[in-house]
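So this block is model.cif, mmCIF, C-alpha atoms:
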data_run
#
loop_
_atom_site.label_atom_id
_atom_site.label_comp_id
_atom_site.auth_asym_id
_atom_site.auth_seq_id
_atom_site.Cartn_x
_atom_site.Cartn_y
_atom_site.Cartn_z
CA MET A 1 -0.40 31.30 -13.53
CA SER A 2 2.26 34.01 -13.27
CA ASP A 3 -0.30 36.80 -13.69
CA LEU A 4 -1.93 35.84 -10.40
CA THR A 5 -0.93 37.56 -7.19
CA PRO A 6 0.84 35.63 -4.41
CA PRO A 7 -1.28 34.59 -1.42
CA PRO A 8 -1.00 36.66 1.77
CA ARG A 9 2.13 36.06 3.80
CA SER A 10 2.03 33.48 6.57
CA ALA A 11 4.35 33.39 9.55
CA GLY A 12 5.02 29.66 9.55
CA ARG A 13 6.64 27.15 7.24
CA VAL A 14 4.64 26.15 4.21
CA LEU A 15 4.14 22.46 3.38
CA ASP A 16 2.28 20.99 0.44
CA ALA A 17 0.90 17.61 1.47
CA GLN A 18 1.84 15.71 -1.67
CA LEU A 19 5.22 17.35 -2.15
CA HIS A 20 6.50 17.53 1.40
CA LEU A 21 4.68 14.92 3.51
CA LEU A 22 3.17 12.00 1.61
CA ASP A 23 5.59 9.17 0.79
CA ARG A 24 8.34 10.69 2.94
CA THR A 25 10.43 8.36 5.10
CA VAL A 26 9.83 8.64 8.83
CA LEU A 27 12.80 8.25 11.20
CA ASP A 28 12.48 7.65 14.91
CA ARG A 29 14.40 9.44 17.67
CA THR A 30 17.53 7.39 17.01
CA GLY A 31 17.44 7.82 13.23
CA VAL A 32 16.04 4.36 12.47
CA PRO A 33 13.51 4.30 9.58
CA VAL A 34 10.10 3.22 10.87
CA THR A 35 7.73 3.74 7.94
CA THR A 36 6.66 6.05 5.13
CA VAL A 37 3.71 8.41 5.17
CA ASP A 38 0.74 6.94 3.30
CA ALA A 39 -1.99 9.35 4.35
CA LEU A 40 -2.71 12.32 6.57
CA GLU A 41 -5.41 12.61 9.20
CA ILE A 42 -6.90 16.06 9.68
CA THR A 43 -9.53 17.40 12.05
CA ASP A 44 -13.00 16.65 10.76
CA ILE A 45 -14.71 18.73 8.11
CA GLU A 46 -18.50 18.36 8.08
CA VAL A 47 -19.16 16.69 4.73
CA ASP A 48 -22.07 18.10 2.70
CA THR A 49 -22.57 20.92 5.19
CA PRO A 50 -21.93 24.58 4.34
CA ILE A 51 -18.72 25.85 5.93
CA GLU A 52 -19.53 29.12 7.69
CA PRO A 53 -17.15 32.03 7.04
CA GLY A 54 -14.63 32.23 9.85
CA THR A 55 -14.67 28.49 10.52
CA PRO A 56 -11.20 27.53 11.80
CA ALA A 57 -9.16 25.63 9.24
CA PRO A 58 -8.55 21.91 9.83
CA VAL A 59 -5.16 20.93 11.22
CA ILE A 60 -3.10 17.77 10.75
CA THR A 61 -3.64 15.43 13.70
CA ALA A 62 -1.59 12.42 12.58
CA LEU A 63 0.46 10.80 9.86
CA LEU A 64 -1.02 7.47 8.77
CA SER A 65 0.70 4.38 7.49
CA GLY A 66 -0.62 1.00 6.45
CA PRO A 67 -0.97 -1.69 3.77
CA VAL A 68 -1.40 0.50 0.69
CA LEU A 69 0.41 -1.45 -2.03
CA GLY A 70 -2.77 -2.95 -3.50
CA THR A 71 -4.76 0.26 -3.35
CA ARG A 72 -1.98 2.19 -5.03
CA ILE A 73 -2.13 -0.18 -7.97
CA PHE A 74 -5.88 -0.66 -8.17
CA GLY A 75 -7.18 2.54 -6.55
CA GLY A 76 -9.05 3.40 -3.38
CA ARG A 77 -7.53 3.27 0.08
CA PRO A 78 -7.42 0.76 2.95
CA PRO A 79 -10.14 0.99 5.60
CA ARG A 80 -9.40 3.54 8.30
CA SER A 81 -9.01 0.71 10.83
CA ARG A 82 -6.03 -0.70 8.90
CA LEU A 83 -4.06 2.54 9.05
CA GLU A 84 -1.74 3.17 11.99
CA ARG A 85 -1.35 6.68 13.43
CA ILE A 86 1.69 8.69 14.30
CA PRO A 87 0.42 11.74 16.21
CA TRP A 88 1.57 15.10 14.83
CA SER A 89 2.80 15.96 18.32
CA ASP A 90 5.50 13.24 17.97
CA ILE A 91 7.09 14.99 14.97
CA THR A 92 10.17 17.09 15.57
CA ASP A 93 11.15 18.08 12.04
CA VAL A 94 9.87 17.94 8.47
CA GLY A 95 12.48 18.01 5.75
CA ILE A 96 13.83 15.49 3.28
CA VAL A 97 12.74 12.97 5.92
CA ILE A 98 10.29 13.32 8.77
CA LYS A 99 11.87 13.01 12.20
CA LEU A 100 10.11 11.79 15.33
CA GLY A 101 10.91 12.54 18.94
CA VAL A 102 9.96 9.02 20.09
CA ASP A 103 11.43 5.53 19.71
CA GLY A 104 10.03 3.38 16.91
CA ASP A 105 9.39 0.62 19.47
CA SER A 106 6.79 2.78 21.16
CA LEU A 107 4.69 3.02 17.99
CA ASP A 108 1.85 0.61 17.23
CA LEU A 109 2.87 0.43 13.58
CA THR A 110 6.08 -1.45 14.41
CA TRP A 111 4.35 -4.22 16.41
CA VAL A 112 4.69 -6.80 13.61
CA GLU A 113 8.42 -6.19 13.43
CA ARG A 114 8.73 -6.40 17.21
CA TRP A 115 6.64 -9.57 17.35
CA MET A 116 8.79 -11.19 14.65
CA ARG A 117 11.93 -10.19 16.55
CA ASP A 118 10.74 -11.39 19.95
CA LYS A 119 8.81 -14.53 19.01
CA ILE A 120 10.66 -15.91 15.99
CA ILE A 121 14.06 -14.37 15.28
CA SER A 122 15.18 -14.48 18.92
CA ARG A 123 14.47 -18.25 19.09
CA ILE A 124 16.79 -19.02 16.21
CA PRO A 125 20.26 -19.92 17.50
CA GLY A 126 22.38 -16.79 17.19
CA GLY A 127 19.30 -14.65 16.74
CA ARG A 128 19.87 -12.58 19.89
CA HIS A 129 23.06 -10.84 18.86
CA ASP A 130 24.55 -8.94 15.92
CA PRO A 131 26.38 -10.92 13.19
CA GLU A 132 30.05 -11.50 14.01
CA MET B 1 -11.07 12.97 8.12
CA ILE B 2 -8.38 11.54 5.88
CA LEU B 3 -6.85 14.22 3.70
CA ASN B 4 -6.23 11.84 0.81
CA ASP B 5 -10.01 11.66 0.28
CA LEU B 6 -9.90 15.36 -0.63
CA LEU B 7 -7.14 15.08 -3.21
CA GLY B 8 -8.36 14.66 -6.79
CA LEU B 9 -11.92 15.86 -6.08
CA ASP B 10 -13.55 18.09 -8.68
CA VAL B 11 -13.87 21.75 -7.72
CA PHE B 12 -16.85 23.90 -8.70
CA ASP B 13 -17.48 27.63 -8.41
CA ASP B 14 -20.71 29.09 -7.03
CA HIS B 15 -22.33 28.93 -10.49
CA GLY B 16 -21.77 25.17 -10.58
CA GLU B 17 -19.07 25.44 -13.23
CA ARG B 18 -16.13 23.08 -12.86
CA VAL B 19 -12.90 25.01 -12.34
CA GLY B 20 -10.52 22.09 -11.80
CA SER B 21 -9.46 19.33 -9.41
CA VAL B 22 -7.74 19.40 -6.05
CA LEU B 23 -4.08 18.83 -6.83
CA ASP B 24 -2.72 19.33 -3.34
CA ALA B 25 -3.43 20.77 0.08
CA ARG B 26 -1.16 23.46 1.46
CA PHE B 27 -0.48 23.64 5.20
CA VAL B 28 1.24 26.28 7.29
CA ILE B 29 2.95 25.35 10.54
CA ASP B 30 1.71 28.29 12.55
CA GLY B 31 -1.10 26.86 14.67
CA ARG B 32 -1.11 26.30 18.42
CA PRO B 33 2.40 25.52 19.68
CA GLY B 34 3.05 21.83 20.34
CA GLN B 35 5.84 19.99 22.13
CA THR B 36 8.15 20.48 19.15
CA LEU B 37 6.24 21.68 16.07
CA ALA B 38 3.23 23.94 16.06
CA GLU B 39 0.00 22.67 14.55
CA ALA B 40 -0.08 22.47 10.76
CA ARG B 41 -3.11 24.46 9.61
CA LEU B 42 -4.76 23.91 6.24
CA ASP B 43 -4.14 27.20 4.45
CA GLY B 44 -5.66 26.34 1.11
CA LEU B 45 -5.91 24.09 -1.91
CA VAL B 46 -3.89 23.93 -5.12
CA ILE B 47 -6.31 23.45 -8.03
CA SER B 48 -5.50 22.38 -11.56
CA PRO B 49 -8.04 22.75 -14.38
CA HIS B 50 -6.47 20.01 -16.48
CA SER B 51 -4.99 17.34 -14.22
CA ARG B 52 -5.91 15.43 -11.05
CA HIS B 53 -2.36 14.48 -10.18
CA SER B 54 0.82 16.37 -9.54
CA TYR B 55 4.07 15.08 -10.97
CA LEU B 56 7.18 16.27 -9.14
CA GLY B 57 5.64 19.67 -8.45
CA TYR B 58 6.97 21.42 -11.54
CA GLU B 59 3.89 23.62 -11.64
CA ARG B 60 4.64 24.88 -8.15
CA MET B 61 8.40 25.23 -8.12
CA ASP B 62 10.98 27.16 -10.08
CA MET B 63 12.36 24.06 -11.80
CA ASN B 64 12.90 24.20 -15.56
CA SER B 65 14.93 21.18 -16.54
CA PRO B 66 15.05 18.80 -18.26
CA ALA B 67 13.39 21.12 -20.73
CA ILE B 68 11.14 18.54 -22.36
CA ILE B 69 9.80 17.29 -19.02
CA ASN B 70 9.37 20.86 -17.85
CA ALA B 71 7.45 21.81 -20.98
CA LEU B 72 5.20 18.75 -20.79
CA LEU B 73 4.36 19.08 -17.10
CA ARG B 74 3.82 22.83 -17.27
CA TRP B 75 1.47 22.30 -20.20
CA MET B 76 -0.44 19.63 -18.26
CA HIS B 77 -0.81 21.97 -15.31
CA ARG B 78 -1.45 25.21 -17.18
CA GLY B 79 -3.87 27.44 -15.34
CA THR B 80 -3.09 25.95 -11.91
CA PHE B 81 -4.14 28.29 -9.12
CA TYR B 82 -4.41 28.45 -5.35
CA VAL B 83 -7.44 29.20 -3.20
CA ARG B 84 -7.36 29.80 0.52
CA TRP B 85 -9.44 27.85 3.06
CA GLU B 86 -11.75 30.85 3.47
CA ALA B 87 -12.85 30.39 -0.15
CA VAL B 88 -14.14 26.85 0.43
CA GLN B 89 -17.93 26.87 0.85
CA ARG B 90 -18.73 23.15 1.04
CA ILE B 91 -17.05 19.77 0.71
CA THR B 92 -18.94 16.65 -0.30
CA GLU B 93 -17.74 13.10 -0.87
CA HIS B 94 -17.36 13.84 -4.57
CA ASP B 95 -16.52 17.50 -4.98
CA VAL B 96 -15.50 20.82 -3.46
CA HIS B 97 -17.54 24.01 -3.86
CA LEU B 98 -16.07 27.50 -3.70
CA ARG B 99 -17.75 30.64 -2.39
CA ASN B 100 -19.14 33.42 -4.51
CA GLY B 101 -16.34 35.83 -5.43
CA TYR B 102 -13.51 33.48 -4.40
CA ARG B 103 -10.06 34.75 -5.27
CA ARG B 104 -7.38 32.91 -7.23
CA PHE B 105 -3.76 33.20 -6.13
CA ASP B 106 -0.43 32.18 -7.61
CA ALA B 107 0.09 28.48 -6.71
CA ARG B 108 3.88 28.58 -6.92
CA LEU B 109 5.65 27.78 -3.67
CA SER B 110 8.14 30.56 -4.33
CA ALA B 111 5.20 32.92 -3.96
CA ALA B 112 4.57 31.53 -0.47
CA PRO B 113 7.15 32.48 2.17
CA GLY B 114 8.51 29.87 4.57
CA THR B 115 8.67 27.16 1.93
CA THR B 116 10.49 24.00 2.89
CA SER B 117 12.44 21.71 0.56
#
Can you present the structure in this file as structure tokens?
Amino acid sequence: MSDLTPPPRSAGRVLDAQLHLLDRTVLDRTGVPVTTVDALEITDIEVDTPIEPGTPAPVITALLSGPVLGTRIFGGRPPRSRLERIPWSDITDVGIVIKLGVDGDSLDLTWVERWMRDKIISRIPGGRHDPE
Amino acid sequence: MILNDLLGLDVFDDHGERVGSVLDARFVIDGRPGQTLAEARLDGLVISPHSRHSYLGYERMDMNSPAIINALLRWMHRGTFYVRWEAVQRITEHDVHLRNGYRRFDARLSAAPGTTS
């Protein structure tokens, strides 16, 4: 490997999907963890069709998260419809964690948590305030 | 398209000879400016001739300890190389095909400027 030449220089930050994005924790605008990254959505590549020279490279359009425990053990991936999107435009920083510029409550992927909070937890006596 | 479908696919050269599997996809944040981050453009693919999975990225980083783990993982990923997007000729559901005369580059992240942690 070391006898190969380095690739041409690029102006931007370099991210390897597996190393720097997948499985990373995602924090919302206030620093609250909202999910981890299970998959990445990129702009479409025509499958089984020759890619003409000069074709623009795909770009990441969204981070995806969903019920992946079973598929991680037994293989495959959940159907696309079961994965929730976080648009790339919502991301403010990629580092040890991925930071968003929006509140977690505004994301579809937290609806179960919000529903549990609003419909069940809040109806339990004492469920509307922090522990004392 | 979901990127994860690309990871682990077999890679073939223009003669139909298998050269490895897609270990990872490398992006560069230098696309059209967004509200906060620019678009992350697919720059190329990391390809390993001997393994479909990356473990901790030893083959791409300048880590060398613990020595026994380092030796094992580097052996598993010997011959790992990097090809740029321009070298990809066709992608099917089962494999990736490279163009005639594609060029292999050093896959180490230290060879690529702008690397994040």
Item to check | Pairwise distance for atom CA of B:Leu73 and atom CA of A:Arg9, rounded to one decimal in Å | outcome: 27.0 Å
Checklist entry - Given a cut-off of 9 Å, which residues of chain A touch chain B, counting only C-alpha atoms, written out as a ChimeraX atom specification? => result /A:1-20,38-61,64,77,80,88-96,101
So that I have them on file, write out the residues from the current selection with C-alpha atoms, as a tab-separated table (two decimals), in the coordinates of the input.
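Full text of again09.tsv as output:
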chain	number	residue	atom	x	y	z
A	1	MET	CA	-0.40	31.30	-13.53
A	2	SER	CA	2.26	34.01	-13.27
A	3	ASP	CA	-0.30	36.80	-13.69
A	4	LEU	CA	-1.93	35.84	-10.40
A	5	THR	CA	-0.93	37.56	-7.19
A	6	PRO	CA	0.84	35.63	-4.41
A	7	PRO	CA	-1.28	34.59	-1.42
A	8	PRO	CA	-1.00	36.66	1.77
A	9	ARG	CA	2.13	36.06	3.80
A	10	SER	CA	2.03	33.48	6.57
A	11	ALA	CA	4.35	33.39	9.55
A	12	GLY	CA	5.02	29.66	9.55
A	13	ARG	CA	6.64	27.15	7.24
A	14	VAL	CA	4.64	26.15	4.21
A	15	LEU	CA	4.14	22.46	3.38
A	16	ASP	CA	2.28	20.99	0.44
A	17	ALA	CA	0.90	17.61	1.47
A	18	GLN	CA	1.84	15.71	-1.67
A	19	LEU	CA	5.22	17.35	-2.15
A	20	HIS	CA	6.50	17.53	1.40
A	38	ASP	CA	0.74	6.94	3.30
A	39	ALA	CA	-1.99	9.35	4.35
A	40	LEU	CA	-2.71	12.32	6.57
A	41	GLU	CA	-5.41	12.61	9.20
A	42	ILE	CA	-6.90	16.06	9.68
A	43	THR	CA	-9.53	17.40	12.05
A	44	ASP	CA	-13.00	16.65	10.76
A	45	ILE	CA	-14.71	18.73	8.11
A	46	GLU	CA	-18.50	18.36	8.08
A	47	VAL	CA	-19.16	16.69	4.73
A	48	ASP	CA	-22.07	18.10	2.70
A	49	THR	CA	-22.57	20.92	5.19
A	50	PRO	CA	-21.93	24.58	4.34
A	51	ILE	CA	-18.72	25.85	5.93
A	52	GLU	CA	-19.53	29.12	7.69
A	53	PRO	CA	-17.15	32.03	7.04
A	54	GLY	CA	-14.63	32.23	9.85
A	55	THR	CA	-14.67	28.49	10.52
A	56	PRO	CA	-11.20	27.53	11.80
A	57	ALA	CA	-9.16	25.63	9.24
A	58	PRO	CA	-8.55	21.91	9.83
A	59	VAL	CA	-5.16	20.93	11.22
A	60	ILE	CA	-3.10	17.77	10.75
A	61	THR	CA	-3.64	15.43	13.70
A	64	LEU	CA	-1.02	7.47	8.77
A	77	ARG	CA	-7.53	3.27	0.08
A	80	ARG	CA	-9.40	3.54	8.30
A	88	TRP	CA	1.57	15.10	14.83
A	89	SER	CA	2.80	15.96	18.32
A	90	ASP	CA	5.50	13.24	17.97
A	91	ILE	CA	7.09	14.99	14.97
A	92	THR	CA	10.17	17.09	15.57
A	93	ASP	CA	11.15	18.08	12.04
A	94	VAL	CA	9.87	17.94	8.47
A	95	GLY	CA	12.48	18.01	5.75
A	96	ILE	CA	13.83	15.49	3.28
A	101	GLY	CA	10.91	12.54	18.94
Item to check | Atomic distance atom CA of A:Arg128 - atom CA of A:Leu100, expressed in Å with one decimal | outcome: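 Pair atom CA of A:Arg128 / atom CA of A:Leu100 returns 26.6 Å.
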Checklist entry - In terms of the shortest atom-to-atom distance over all atoms listed in the file, which of A:Val26, A:Leu83, A:Met116, A:Leu107 is closest to A:Gly66? => result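 Between A:Val26, A:Leu83, A:Met116, A:Leu107, the residue approaching A:Gly66 most closely is A:Leu83.
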Next on the checklist: Using Å and a single decimal, report how far atom CA of B:Tyr58 sits from atom CA of B:Phe12.
Outcome noted: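 Atom CA of B:Tyr58 lies 24.1 Å from atom CA of B:Phe12.
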Checklist entry - Which residue out of A:Val37, A:Gly104, A:Gly70, A:Gly76 has the minimum interatomic distance to B:Gly8 when only C-alpha atoms are used? => result A:Gly76
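Once stretch 16-20 of chain B and its same-chain neighbours fewer than 6 positions away are set aside, Asp10, Ile47, Ser48, Pro49 and His50 of chain B remain within 7 Å of it when counting only C-alpha atoms.
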Can I get the selected residues back with C-alpha atoms, as a JSON list (two decimals), in the frame of the given file?
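Ended up saving to again.json:
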[["chain", "number", "residue", "atom", "x", "y", "z"],
["B", 10, "ASP", "CA", -13.55, 18.09, -8.68],
["B", 47, "ILE", "CA", -6.31, 23.45, -8.03],
["B", 48, "SER", "CA", -5.50, 22.38, -11.56],
["B", 49, "PRO", "CA", -8.04, 22.75, -14.38],
["B", 50, "HIS", "CA", -6.47, 20.01, -16.48]]
Next on the checklist: Which residue is closest to B:Asp62? Choose from B:Ser21, B:Arg74, B:Asp13, B:Leu6 and count all atoms listed in the file.
Outcome noted: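 The answer is B:Arg74, which sits nearest to B:Asp62.
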Checklist entry - Got a sec to resolve the PyMOL selection byres ((chain A and resi 103) around 6) on this structure and send the residues as a list in words? => result Asp28, Arg29, Val102, Gly104, Asp105 and Ser106 of chain A
